[in-house]
Every structure is written in C-alpha cells, then in structure tokens.
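What follows is the content of start_34.cif (mmCIF, C-alpha atoms).
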```cif
data_query
#
loop_
_atom_site.label_atom_id
_atom_site.label_comp_id
_atom_site.auth_asym_id
_atom_site.auth_seq_id
_atom_site.Cartn_x
_atom_site.Cartn_y
_atom_site.Cartn_z
CA MET W 1 -1.96 5.63 -0.89
CA LYS W 2 -2.21 6.15 2.83
CA THR W 3 -2.85 2.46 3.38
CA LYS W 4 0.10 1.42 1.25
CA ILE W 5 2.52 3.64 3.15
CA LEU W 6 1.26 2.54 6.56
CA LEU W 7 1.41 -1.13 5.63
CA VAL W 8 5.04 -0.78 4.61
CA ILE W 9 5.82 0.91 7.95
CA LEU W 10 4.03 -1.85 9.85
CA LEU W 11 6.00 -4.45 7.94
CA PHE W 12 9.21 -3.22 9.52
CA ALA W 13 7.73 -2.23 12.86
CA PHE W 14 5.97 -5.45 13.77
CA PHE W 15 6.87 -8.25 11.40
CA ALA W 16 10.38 -7.64 10.07
CA PRO W 17 12.12 -8.81 13.28
CA SER W 18 10.68 -12.28 12.68
CA ILE W 19 11.75 -12.42 9.02
CA ALA W 20 15.13 -14.08 8.74
CA LEU W 21 17.76 -13.03 6.24
CA ALA W 22 18.61 -15.31 3.36
CA GLN W 23 20.66 -18.32 4.35
CA ASN W 24 23.88 -16.98 2.86
CA THR W 25 23.39 -13.36 3.89
CA PHE W 26 24.53 -11.75 7.14
CA LYS W 27 25.15 -8.36 8.70
CA ALA W 28 28.61 -6.86 9.09
CA GLU W 29 30.29 -3.59 10.03
CA ILE W 30 32.81 -1.87 7.77
CA ILE W 31 36.18 -1.53 9.50
CA GLU W 32 38.29 -0.15 6.69
CA ILE W 33 37.98 0.64 2.98
CA ASN W 34 40.96 0.35 0.63
CA ASP W 35 41.17 0.82 -3.12
CA GLN W 36 40.42 -2.81 -3.91
CA GLN W 37 39.07 -4.22 -0.63
CA ILE W 38 36.51 -3.62 2.11
CA MET W 39 37.50 -4.89 5.56
CA LEU W 40 34.46 -6.14 7.50
CA LYS W 41 33.59 -7.50 10.92
CA SER W 42 30.73 -9.97 10.91
CA LEU W 43 27.90 -9.20 13.35
CA ASP W 44 25.99 -12.49 13.07
CA SER W 45 25.92 -15.92 11.33
CA GLU W 46 28.69 -18.52 11.60
CA PHE W 47 31.28 -15.78 11.04
CA SER W 48 30.14 -13.69 14.01
CA GLY W 49 33.01 -11.60 15.38
CA GLU W 50 35.38 -12.57 12.57
CA GLU W 51 37.11 -10.07 10.30
CA ILE W 52 36.56 -10.76 6.63
CA ILE W 53 37.48 -9.16 3.31
CA SER W 54 35.26 -8.24 0.37
CA ASN W 55 37.12 -7.56 -2.88
CA ILE W 56 36.03 -4.63 -5.04
CA SER W 57 35.93 -4.97 -8.81
CA GLU W 58 36.10 -2.08 -11.29
CA TYR W 59 32.34 -2.35 -11.77
CA ASP W 60 31.76 -2.18 -8.03
CA ILE W 61 33.81 1.01 -7.74
CA ILE W 62 31.47 2.70 -10.22
CA SER W 63 28.16 1.30 -9.00
CA MET W 64 28.46 0.71 -5.26
CA PRO W 65 26.83 3.08 -2.75
CA ASP W 66 28.80 5.55 -0.66
CA TYR W 67 30.12 3.22 2.03
CA LYS W 68 31.97 4.61 5.03
CA THR W 69 33.89 3.15 7.94
CA GLY W 70 31.43 2.14 10.67
CA ASP W 71 28.52 1.52 8.29
CA LYS W 72 26.50 -1.65 8.80
CA VAL W 73 26.00 -3.61 5.59
CA LEU W 74 24.51 -6.82 4.27
CA VAL W 75 27.07 -9.32 3.03
CA ASN W 76 26.54 -12.33 0.78
CA TYR W 77 28.62 -15.43 1.36
CA SER W 78 29.46 -18.10 -1.22
CA GLN W 79 32.29 -20.40 -2.25
CA ASP W 80 34.20 -20.46 -5.52
CA VAL W 81 35.19 -23.57 -7.52
CA ASP W 82 38.19 -24.08 -5.21
CA ASN W 83 35.98 -23.94 -2.08
CA ASN W 84 37.40 -20.59 -1.03
CA ASP W 85 35.09 -18.27 0.90
CA VAL W 86 33.91 -15.32 -1.18
CA PHE W 87 32.18 -12.32 0.42
CA TYR W 88 30.29 -9.62 -1.43
CA VAL W 89 28.77 -6.46 0.07
CA LEU W 90 25.15 -6.18 -1.08
CA ASP W 91 23.78 -3.00 0.46
CA HIS W 92 23.39 -0.84 3.56
CA VAL W 93 21.43 -2.18 6.54
CA ARG W 94 18.47 0.19 6.76
CA THR W 95 16.15 -1.65 9.11
CA GLU W 96 17.23 0.22 12.25
CA SER W 97 16.28 3.61 10.79
CA LEU W 98 12.97 2.18 9.59
CA TYR W 99 12.23 0.80 13.08
CA TRP W 100 12.75 4.28 14.55
CA LEU W 101 10.56 5.84 11.87
CA ALA W 102 7.80 3.28 12.58
CA LEU W 103 8.06 4.00 16.31
CA LEU W 104 7.83 7.75 15.69
CA PHE W 105 4.80 7.19 13.47
CA ALA W 106 3.06 5.10 16.16
CA ILE W 107 3.80 7.71 18.84
CA VAL W 108 2.40 10.54 16.70
CA VAL W 109 -0.74 8.57 15.81
CA ILE W 110 -1.43 7.69 19.46
CA ALA W 111 -0.59 11.21 20.70
CA VAL W 112 -3.02 12.81 18.27
CA GLY W 113 -5.65 10.10 17.96
CA ARG W 114 -5.33 8.75 21.52
CA PHE W 115 -7.35 5.56 22.00
CA LYS W 116 -8.83 5.76 18.51
CA GLY W 117 -5.34 6.17 17.09
CA PHE W 118 -4.24 3.10 19.04
CA ARG W 119 -7.17 1.15 17.58
CA ALA W 120 -6.17 2.33 14.11
CA LEU W 121 -2.69 0.89 14.63
CA ILE W 122 -4.22 -2.43 15.69
CA VAL W 123 -6.34 -2.43 12.53
CA LEU W 124 -3.29 -1.78 10.37
CA GLY W 125 -1.48 -4.66 12.03
CA LEU W 126 -4.44 -6.95 11.37
CA THR W 127 -4.66 -5.66 7.80
CA PHE W 128 -1.07 -6.56 7.13
CA PHE W 129 -1.58 -9.94 8.81
CA ILE W 130 -4.50 -10.72 6.47
CA ILE W 131 -2.46 -9.73 3.42
CA LEU W 132 0.62 -11.66 4.56
CA GLU W 133 -1.07 -14.77 5.96
CA PHE W 134 -4.18 -15.08 3.78
CA ILE W 135 -4.13 -13.14 0.51
CA ILE W 136 -0.52 -13.77 -0.55
CA PRO W 137 -0.37 -17.51 0.42
CA LYS W 138 -3.70 -18.22 -1.29
CA ILE W 139 -2.56 -16.48 -4.48
CA LEU W 140 0.73 -18.41 -4.41
CA GLU W 141 -1.29 -21.63 -4.15
CA GLY W 142 -2.78 -20.84 -7.55
CA ASN W 143 -6.16 -19.48 -6.44
CA ASN W 144 -7.85 -16.65 -8.34
CA PRO W 145 -6.12 -13.43 -7.16
CA LEU W 146 -9.19 -11.26 -7.72
CA LEU W 147 -11.51 -13.54 -5.73
CA ILE W 148 -9.00 -13.96 -2.90
CA SER W 149 -8.37 -10.21 -2.72
CA ILE W 150 -12.10 -9.48 -2.59
CA ILE W 151 -12.55 -11.92 0.30
CA GLY W 152 -9.49 -10.49 2.09
CA SER W 153 -10.67 -6.94 1.48
CA LEU W 154 -14.04 -7.74 3.06
CA PHE W 155 -12.31 -9.02 6.20
CA ILE W 156 -10.07 -5.93 6.26
CA LEU W 157 -13.06 -3.65 5.74
CA ILE W 158 -15.17 -5.17 8.51
CA LEU W 159 -12.30 -5.19 11.01
CA SER W 160 -11.20 -1.68 10.07
CA VAL W 161 -14.59 -0.03 10.41
CA TYR W 162 -15.94 -1.88 13.44
CA ILE W 163 -12.72 -1.66 15.47
CA THR W 164 -12.06 2.02 14.77
CA GLU W 165 -15.67 3.26 14.68
CA GLY W 166 -17.37 0.78 17.01
CA LEU W 167 -20.25 -1.69 16.62
CA LYS W 168 -23.04 0.68 15.68
CA ARG W 169 -25.49 1.49 12.89
CA ASN W 170 -23.22 4.13 11.34
CA SER W 171 -20.41 1.60 10.95
CA SER W 172 -22.71 -0.84 9.13
CA ILE W 173 -23.88 1.96 6.81
CA ALA W 174 -20.26 2.83 6.02
CA ILE W 175 -19.39 -0.81 5.30
CA PHE W 176 -22.36 -1.21 2.98
CA ALA W 177 -21.46 1.99 1.10
CA ILE W 178 -17.83 0.91 0.71
CA ILE W 179 -18.87 -2.54 -0.57
CA ILE W 180 -21.11 -0.95 -3.24
CA SER W 181 -18.28 1.38 -4.29
CA LEU W 182 -15.76 -1.50 -4.36
CA VAL W 183 -18.09 -3.56 -6.55
CA ILE W 184 -18.34 -0.65 -9.00
CA THR W 185 -14.56 -0.19 -8.96
CA GLY W 186 -14.01 -3.91 -9.48
CA LEU W 187 -16.42 -4.12 -12.42
CA LEU W 188 -14.89 -1.06 -14.07
CA SER W 189 -11.36 -2.44 -13.63
CA VAL W 190 -12.42 -5.79 -15.18
CA TRP W 191 -14.16 -4.13 -18.13
CA PHE W 192 -11.50 -1.55 -18.93
CA SER W 193 -8.51 -3.84 -18.42
CA ALA W 194 -10.13 -6.12 -21.01
CA PHE W 195 -11.08 -3.17 -23.23
CA ALA W 196 -7.51 -1.81 -23.08
CA LYS W 197 -6.10 -5.33 -23.62
CA LEU W 198 -4.01 -5.20 -20.44
CA THR W 199 -2.19 -8.47 -19.75
CA GLY W 200 -0.45 -7.71 -16.46
CA PHE W 201 2.91 -8.74 -17.95
CA ALA W 202 4.21 -5.21 -18.48
CA SER W 203 6.33 -5.25 -15.32
CA GLU W 204 9.45 -7.31 -14.67
CA GLU W 205 7.94 -8.40 -11.34
CA ALA W 206 5.22 -10.34 -13.15
CA MET W 207 7.73 -12.39 -15.12
CA TYR W 208 9.81 -12.97 -12.02
CA ILE W 209 6.75 -14.22 -10.10
CA LEU W 210 5.99 -16.73 -12.86
CA ASP W 211 9.56 -18.00 -12.77
CA ILE W 212 9.75 -18.63 -9.03
CA ALA W 213 6.14 -19.51 -8.14
CA GLU W 214 5.39 -23.19 -7.58
CA HIS W 215 1.84 -22.88 -8.92
CA ALA W 216 0.43 -21.08 -11.96
CA ILE W 217 -0.59 -17.53 -11.06
CA ASN W 218 -3.18 -15.48 -12.91
CA ILE W 219 -1.15 -12.33 -13.57
CA LYS W 220 -4.11 -10.40 -14.99
CA GLY W 221 -6.12 -11.32 -11.91
CA LEU W 222 -3.22 -10.10 -9.80
CA LEU W 223 -3.41 -6.74 -11.58
CA LEU W 224 -7.13 -6.45 -10.83
CA ALA W 225 -6.58 -7.51 -7.22
CA GLY W 226 -4.08 -4.69 -6.78
CA ILE W 227 -6.63 -2.17 -8.01
CA ILE W 228 -9.23 -3.41 -5.50
CA ILE W 229 -6.86 -3.34 -2.53
CA GLY W 230 -5.44 0.04 -3.56
CA ALA W 231 -8.91 1.61 -3.74
CA LEU W 232 -10.07 0.17 -0.41
CA GLY W 233 -8.07 2.49 1.85
CA VAL W 234 -9.18 5.69 0.12
CA LEU W 235 -12.81 4.56 0.00
CA ASP W 236 -12.67 3.86 3.73
CA ASP W 237 -11.56 7.43 4.42
CA VAL W 238 -14.11 9.10 2.14
CA VAL W 239 -17.13 7.05 3.23
CA ILE W 240 -16.54 7.18 6.99
CA SER W 241 -16.00 10.94 6.84
CA GLN W 242 -19.24 11.41 4.93
CA VAL W 243 -21.27 9.20 7.28
CA ALA W 244 -19.84 11.03 10.32
CA LEU W 245 -20.77 14.35 8.69
CA ILE W 246 -24.41 13.28 8.28
CA GLU W 247 -24.53 12.19 11.90
CA GLU W 248 -23.24 15.56 13.08
CA LEU W 249 -25.65 17.49 10.86
CA LYS W 250 -28.59 15.47 12.14
CA SER W 251 -27.45 15.99 15.71
CA ALA W 252 -27.08 19.75 15.21
CA ASN W 253 -30.44 20.13 13.46
CA PRO W 254 -32.74 17.11 13.98
CA ASP W 255 -35.61 18.77 12.09
CA LEU W 256 -33.63 19.34 8.88
CA PRO W 257 -35.45 17.70 5.92
CA LYS W 258 -33.68 14.84 4.16
CA ASN W 259 -33.30 16.68 0.86
CA LYS W 260 -31.62 19.68 2.53
CA LEU W 261 -29.49 17.34 4.66
CA TYR W 262 -28.32 15.55 1.52
CA SER W 263 -27.60 18.84 -0.24
CA LYS W 264 -25.55 20.28 2.64
CA ALA W 265 -23.59 17.04 3.12
CA MET W 266 -22.82 16.79 -0.60
CA LYS W 267 -21.32 20.31 -0.60
CA VAL W 268 -18.80 19.21 2.00
CA GLY W 269 -18.35 15.82 0.33
CA VAL W 270 -17.56 17.38 -3.04
CA SER W 271 -14.89 19.61 -1.45
CA HIS W 272 -13.36 16.59 0.25
CA LEU W 273 -13.68 14.64 -2.98
CA SER W 274 -11.73 17.15 -5.05
CA SER W 275 -8.68 16.87 -2.82
CA MET W 276 -8.94 13.07 -2.54
CA VAL W 277 -9.09 12.51 -6.31
CA ASN W 278 -6.12 14.82 -6.83
CA THR W 279 -4.24 12.99 -4.07
CA LEU W 280 -4.95 9.65 -5.74
CA PHE W 281 -3.74 10.88 -9.11
CA LEU W 282 -0.57 12.33 -7.59
CA ALA W 283 0.04 9.04 -5.78
CA TYR W 284 -0.20 7.02 -8.98
CA ALA W 285 1.80 9.62 -10.90
CA GLY W 286 4.54 9.41 -8.27
CA VAL W 287 4.67 5.63 -8.61
CA ALA W 288 4.65 5.79 -12.41
CA LEU W 289 7.13 8.70 -12.70
CA PRO W 290 10.23 6.50 -13.16
CA LEU W 291 8.33 4.60 -15.87
CA LEU W 292 7.46 7.84 -17.62
CA ILE W 293 11.07 9.03 -17.53
CA LEU W 294 12.43 5.64 -18.63
CA PHE W 295 9.95 5.44 -21.48
CA SER W 296 10.76 8.99 -22.60
CA ILE W 297 14.50 8.26 -22.64
CA HIS W 298 13.96 5.01 -24.51
CA GLN W 299 11.79 6.63 -27.17
CA GLY W 300 14.09 9.61 -27.57
CA SER W 301 12.90 12.67 -29.46
CA SER W 302 10.16 10.70 -31.25
CA VAL W 303 8.10 10.21 -28.09
CA THR W 304 4.55 11.58 -28.19
CA ALA W 305 1.71 11.61 -25.69
CA GLY W 306 -0.11 8.98 -27.76
CA LYS W 307 2.87 6.64 -27.79
CA MET W 308 3.48 7.13 -24.11
CA ILE W 309 -0.03 6.27 -22.92
CA ASN W 310 -0.21 3.37 -25.37
CA ASN W 311 2.63 1.62 -23.53
CA GLU W 312 1.10 -1.08 -21.31
CA MET W 313 2.98 0.01 -18.19
CA ILE W 314 1.59 3.54 -18.50
CA ALA W 315 -1.86 2.34 -19.61
CA THR W 316 -2.03 0.08 -16.55
CA GLU W 317 -1.42 3.01 -14.22
CA ILE W 318 -4.03 5.10 -16.05
CA VAL W 319 -6.67 2.36 -15.75
CA ARG W 320 -5.73 1.87 -12.09
CA ALA W 321 -6.01 5.58 -11.31
CA LEU W 322 -9.20 6.28 -13.25
CA THR W 323 -11.20 3.24 -12.12
CA GLY W 324 -10.19 3.89 -8.52
CA SER W 325 -11.12 7.56 -8.84
CA ILE W 326 -14.53 6.76 -10.32
CA GLY W 327 -15.21 4.49 -7.36
CA ILE W 328 -14.21 7.25 -4.96
CA VAL W 329 -16.34 9.86 -6.74
CA LEU W 330 -19.42 7.62 -6.64
CA ALA W 331 -18.77 6.68 -3.02
CA VAL W 332 -19.67 10.19 -1.87
CA PRO W 333 -23.30 10.28 -3.12
CA ILE W 334 -23.76 6.58 -2.25
CA ALA W 335 -22.58 7.05 1.34
CA THR W 336 -24.51 10.30 1.70
CA LEU W 337 -27.75 8.77 0.42
CA LEU W 338 -27.48 5.74 2.69
CA ALA W 339 -26.58 7.84 5.73
CA VAL W 340 -29.41 10.33 5.15
CA ASN W 341 -31.98 7.53 4.95
CA PHE W 342 -30.71 5.09 7.58
CA ILE W 343 -29.08 7.13 10.35
CA LYS W 344 -31.74 7.58 12.97
CA GLN W 345 -33.22 11.06 13.15
CA LYS W 346 -32.97 12.43 16.68
CA LYS W 347 -36.12 14.08 17.85
CA SER W 348 -35.80 17.66 18.99
CA THR W 349 -36.42 18.25 22.67
CA PRO W 350 -39.22 20.79 23.35
CA ILE W 351 -38.14 23.87 25.28
CA LYS W 352 -39.70 24.13 28.69
CA ARG W 353 -41.20 27.48 29.67
#
```
Here is a file; write its structure as structure tokens.
Amino acid sequence: MKTKILLVILLFAFFAPSIALAQNTFKAEIIEINDQQIMLKSLDSEFSGEEIISNISEYDIISMPDYKTGDKVLVNYSQDVDNNDVFYVLDHVRTESLYWLALLFAIVVIAVGRFKGFRALIVLGLTFFIILEFIIPKILEGNNPLLISIIGSLFILILSVYITEGLKRNSSIAIFAIIISLVITGLLSVWFSAFAKLTGFASEEAMYILDIAEHAINIKGLLLAGIIIGALGVLDDVVISQVALIEELKSANPDLPKNKLYSKAMKVGVSHLSSMVNTLFLAYAGVALPLLILFSIHQGSSVTAGKMINNEMIATEIVRALTGSIGIVLAVPIATLLAVNFIKQKKSTPIKR
C-alpha cells in the first residue's frame, strides 16, 4: 500500500510535467457562469488568451462538479458537422495541488530521514521509471505480464535495498529473503487464481485495455503481476526491519546463542507482523469498498455473504489480500532465520583489568 501511494505521488511530482494533455484538450479559467453557459479564458493551446463559451445541457447541470468563477478546468475541443467550434468542460485541474502535496511529502521525508530519506526518494523515482519505461511497455508489446513483472520487481528490489541500505552483507540477506517470499507469493497467487477460476476480466479496465491495446495482452497474467508488485513493497519493509533487528541484537549481545536470538527476534517480528497484515487487509478493503457497496445495491435485499464473495471482483481482492498476507507472514521467519545464520557474529571484547 505504501508503495502504491508513493508511486502515485511521484507520478505527479517528477513525471507529470512531461506528460502532455490530449491533443484536443487544454486548460482554461472560468470567467463567468450563467444558467446555460460557462464563460472561459483559454490558458494554453491555439486558443491561448481567447475567451470561449461552453454550453451547459440539462444533464450537465445535474452531473457537473461545483464549478466557481476563477477555477481552472480542463476543456475538450471538437467541431460539429457544420465545422463550428464546440467546447466542453471536462473537469477541474488538480495537478497544481498534487505538485504541492508531492513537494510537502518530499520535504517531510528528507527532514525526518535526512540522507537516507533522500535516497528513498531516489529509489521511488527509479521504481516508477522501471514500471513506466520497462514493465508497462513490455506488457503492451504482448509479453507475458507475470514474467515481465517478476523481472522488473527484481530490478526494483535490488535498487531499493542496495541504495537505501548500502552494499553490505545485510542487504544481500534481505534481498534473498524477499525473493524467497515473493516466489511463495507468486506460486500461491498462480495456484489459487486457477483454483478460484479467476479470469481477470471482472473489471471494466481489463475490457478497455483489450479494446485499445495494439497487441494481445494476457489479462490473467496482468492480474498475477499486480499481486506480485503489490506484495513487493510490504515485503521490503518487513524483511529489512527484521534483518536490522537481528543486527542490533547481535551487536548488543554478541554471545547470545542463535536459538535465543531467533526467539527474541521473532517476538518482535510477530508484533510487527500483526499490524502489517491488518494494514494490508485494510488497504485492500479500502480499494474494494466501492465494489462491495455497488454489489450490495445491485443484489438488493437478497445479498448474502456467500453471494458477495463469489463475485469475481470480490474474489479477486480476497485472493490478492490473502496470498500477499501469507507471503508477508512467511517472510518474518525466513528473514529471521537467514539473518541469524548469516549476519556475522561480533566477538565480545574482553574487559581489561
């Protein structure tokens, strides 16, 4: 969840300025609003500086957002059968507020995390770059989404851990533990998506992708790829925390036996794990909440828990949440076991008398 939110912020902070609007879309400022018209002043495109009019239909009056004089909006331009210019207000321009939010986020991260926080921001930028420039283009070319996402996730994982934690033994241990946990998560998602007969076509986005994509896209593979990428960020957090804990325990008490070290680390790991699993479930529940409400309304009074979870949209979120959670749960003992056995034991220094 954390990774998803940060990637969206980085999209607007670093890459959105370079993404052009659609050819027939431009920004404008609302000058005046009448009963049937919106007076606008174009801020860019071929109409820059010109005052234009957008007519309001009865449907628009009911459905359009709360526009006010001075608001900046997106406007679509087209021509009717008589070659007359037609302008239609699409939505508010929100990018400026998102830029400020992204800037505030970066300032807070650097202020609290200092140089390590700065490195984390660099990693997030690189993560988004890999997704935007490697994973998505390769999937659109018709390659297997699951295979491409696994390769991209490995690049993200290596960059994330080594840049933020440094080139050291502990980082390699964390990477190895995350890879094992990701493999388990991937296998579980493959098995249970097949067992639950999930097709990946439950969402409107899947159908839309098939309509506009130039090459055939494996929608079920895309579903599995999303599970892998979604689990990666949480696994990163859990595993690195656990490896760092082992290092600190060994540093504090170099003579502590491995079995006691494992036991003490697992107590902390289980506490951390409880909150992380709950966080993951809440994250997926938050995403699926509109689906739950929509499905309940559609089914009316006849809706039951069995009918609800049998719906593919809901079943997909359940498989996504549970397979990801199993991977996270298993990551704690895996990371702890590897760290206990492979982090170098520091020898205690004899006290001079």
Å distance separating CA of Glu317 (chain W) from CA of Arg94 (chain W), one decimal place = 29.0 Å
query = So, counting all atoms listed in the file, which residue among W:Ile53, W:Ile38, W:Val86, W:Ile148 is closest to Asp71 (chain W)?
reply = W:Ile38
key: Atom-to-atom span, CA of Glu29 (chain W) and CA of Lys72 (chain W), Å   =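 For CA of Glu29 (chain W) relative to CA of Lys72 (chain W), the distance reads 4.4 Å.
Computed from the coordinates, the CA of Gln242 (chain W) to CA of Leu104 (chain W) distance equals 29.4 Å.
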key: Top pick for closest residue to Ile139 (chain W), considering W:Val112, W:Ala335, W:Gly221, W:Leu188 and counting all atoms listed in the file   =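 Checking each candidate against Ile139 (chain W), we get W:Gly221 as the closest.
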ask   = Restricting the calculation to all atoms listed in the file, which member of W:Ile163, W:Ile217, W:Leu40, W:Ala194 is positioned closest to Lys116 (chain W)?
value = W:Ile163
task = List every protein, DNA or RNA residue with an atom no more than 12 Å from (-21.3, 11.8, 7.5) in the file's coordinates, counting only C-alpha atoms, and format the result as a ChimeraX atom specification.
result = /W:170-171,173-174,177,237-251,261-262,264-269,272,331-343
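Distances from W:Thr185, W:Asn55, W:Ser149, W:Ser193 to Glu312 (chain W) were compared using all atoms listed in the file, and the smallest one belongs to W:Ser193.
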ask   = Nearest to Asp236 (chain W) among W:Ser78, W:Asn310, W:Ser153, W:Asn259, with distances taken over all atoms listed in the file: which residue is it?
value = W:Ser153
key: Near-Leu232 (chain W) list (9 Å; only C-alpha atoms; drop same-chain fewer than 5 positions) as a PyMOL selection string   = chain W and resi 3+153+157+178+182+227+237+324
Export of prior selection with C-alpha atoms as an mmCIF file, in the coordinates of the input:
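Saved to selection_8.cif:
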```cif
data_model
loop_
_atom_site.group_PDB
_atom_site.id
_atom_site.type_symbol
_atom_site.label_atom_id
_atom_site.label_comp_id
_atom_site.auth_asym_id
_atom_site.auth_seq_id
_atom_site.Cartn_x
_atom_site.Cartn_y
_atom_site.Cartn_z
ATOM 1 C CA THR W 3 -2.850 2.460 3.380
ATOM 2 C CA SER W 153 -10.670 -6.940 1.480
ATOM 3 C CA LEU W 157 -13.060 -3.650 5.740
ATOM 4 C CA ILE W 178 -17.830 0.910 0.710
ATOM 5 C CA LEU W 182 -15.760 -1.500 -4.360
ATOM 6 C CA ILE W 227 -6.630 -2.170 -8.010
ATOM 7 C CA ASP W 237 -11.560 7.430 4.420
ATOM 8 C CA GLY W 324 -10.190 3.890 -8.520
#
```
task = Excluding Gly186 (chain W) and any residue of its chain fewer than 4 positions from it, enumerate the residues within 9 Å of it, using only C-alpha atoms, and give them as a ChimeraX atom specification.
result = /W:146,181-182,190-191,224-225,227-228,323-324,327
